[in-house]
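Undergrad: Dropping the structure in here first, questions after.
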Amino acid sequence: MTDATPPLQPPVGPVGLGLATRVLITLAAASITIAGMAAAKEIIGPIVLSIVLVIIAHPVRAILERRGWARWAATTAVIVVVYLILLALGVLLVTALAQFARLVSESADAFKAQATALTDWIGTLGLSSSQTEALTGAVDPSAFFGVALSLAESTLSSLTVVVLVFAYPLFMAADAAYIAPLFARFRDSHAHVIAALAGYAHGVRQYMIVNAIFGLIVAVLDGLILWALGIPGAFIWAVLAFITNFIPNIGFVIGVIPPAVMALVTGGWGLALIVLAVYCIVNVTLQVLVQPRFVAVAVSLGFTITFASVIFWSFVLGPLGALLAVPLTLLLKLLLLDADPRGTWARSLSGDRTPEEEPREPESEDAESPLPESHPAA
């Protein structure tokens, strides 16, 4: 008696959705989320700004509680610090905008004269009428001031929303009083998440404080130099230099264009080139060579991701998104990568480097190669 041949079983295929389907679903969900954030930017922007300000002021609580202050008193001190920061920024911007409005009216004739001279020069190049109109439209002073006023109005609108929802820092500072006991309670069961949250707070605090310090240094130096050169609106351009210091990579370009244009109008190409040279020496030295050494440890993001984050968050949240691009990207990195123990490889791709992953200096040709272990002199 022979055994019956077992029936053939159909091959078992992969269970679940395919890779392409999962990618498409993820992209669709991300698109819906981004569209929702853009629609609610007047609410999300102030909330994120409030979170950043409370994180900056939170060490005040620890200092005061170690000195014996009651929890409610320490919370009140944090709230006061947050509102002092908002008040200082508001006064700074309102003063700069008032001076900018006066500068617009005083410099309108000079801009028109410079635009007319530039138009006449373009006409000597032998271009067609359509090309000449396109170039002259690009140097139209009304267009320049229109863009500047639009950005100022957008920024002021964001600050107005912050004032209208001033309760955000109030409630966040009150809830922050329970962060330390909460972390202590769940430190054993959720150690990885707690470490990620603590690292995020430390990184944001260090990034914002260091940027504020270097921004103040750059603003004072730029303002004094512009004042010495006789550039109108030196205080305005100093405030602009301070604000744009919080915008990675492209902040320098945004901050140098208005004073260079103003120098061109008031003193010609020679003065404009001097302003460009001064900004390159001061801003590039501090913002490119010195400042990154202080924030590299706190902000573990690659240059490509940092640059893309400015473009992305500006598109989603407007000017406030550009100023908070790094804290927002760090928050996204916290939610998607840092809080997941399996995301080590993805964190490395995002720019989180360990010492052994740092690029090493290439060895010179004159350096002696190590001797093999079998060599007698080894």
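Each chain of the structure tokens is named A, B, ... in the order shown, its residues numbered from 1; ligands are numbered from 1 in display order.
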Using only C-alpha atoms, what does the table of region 234-334 of chain A residues within 7 Å of region 41-65 of chain A look like, with each row giving the shortest atom pair and its distance in Å to one decimal, sorted by chain and ascending number, as JSON lines?
TA:
{"residue": "A:Leu317", "atom": "CA", "partner": "A:Lys41", "partner_atom": "CA", "distance": 5.1}
{"residue": "A:Leu320", "atom": "CA", "partner": "A:Gly45", "partner_atom": "CA", "distance": 6.5}
{"residue": "A:Gly321", "atom": "CA", "partner": "A:Gly45", "partner_atom": "CA", "distance": 7.0}
Undergrad: Can you tell me, as a ChimeraX atom specification, what residues are no more than 12 Å from Leu332 (chain A) when counting only C-alpha atoms, ignoring any on the same chain fewer than 2 positions away?
TA: /A:48,196-197,200,301,305,309,313,325-330,334-339,347,350
Undergrad: Point out the residue among A:Leu19, A:Ile250, A:Leu86, A:Ala234 with the least atom-to-atom distance to Phe307 (chain A), counting only C-alpha atoms.
TA: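 Between A:Leu19, A:Ile250, A:Leu86, A:Ala234, the residue approaching Phe307 (chain A) most closely is A:Ile250.
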Undergrad: Among region 156-283 of chain A, which ones does DSSP assign to helix (DSSP H, G or I) (computed from the backbone)? Answer as a PyMOL selection string.
TA: chain A and resi 156-164+167-176+179-185+191-229+234-244+251-267+269-283
Undergrad: So the first atom is CA of Leu264 (chain A) and the second is CA of Gln287 (chain A); what is the distance between them in Å, to one decimal place?
TA: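 Going from CA of Leu264 (chain A) over to CA of Gln287 (chain A) covers 24.6 Å.
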Undergrad: Record the distance separating CA of Phe246 (chain A) and CA of Phe303 (chain A), expressed in Å with one decimal.
TA: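 CA of Phe246 (chain A) sits 14.9 Å away from CA of Phe303 (chain A).
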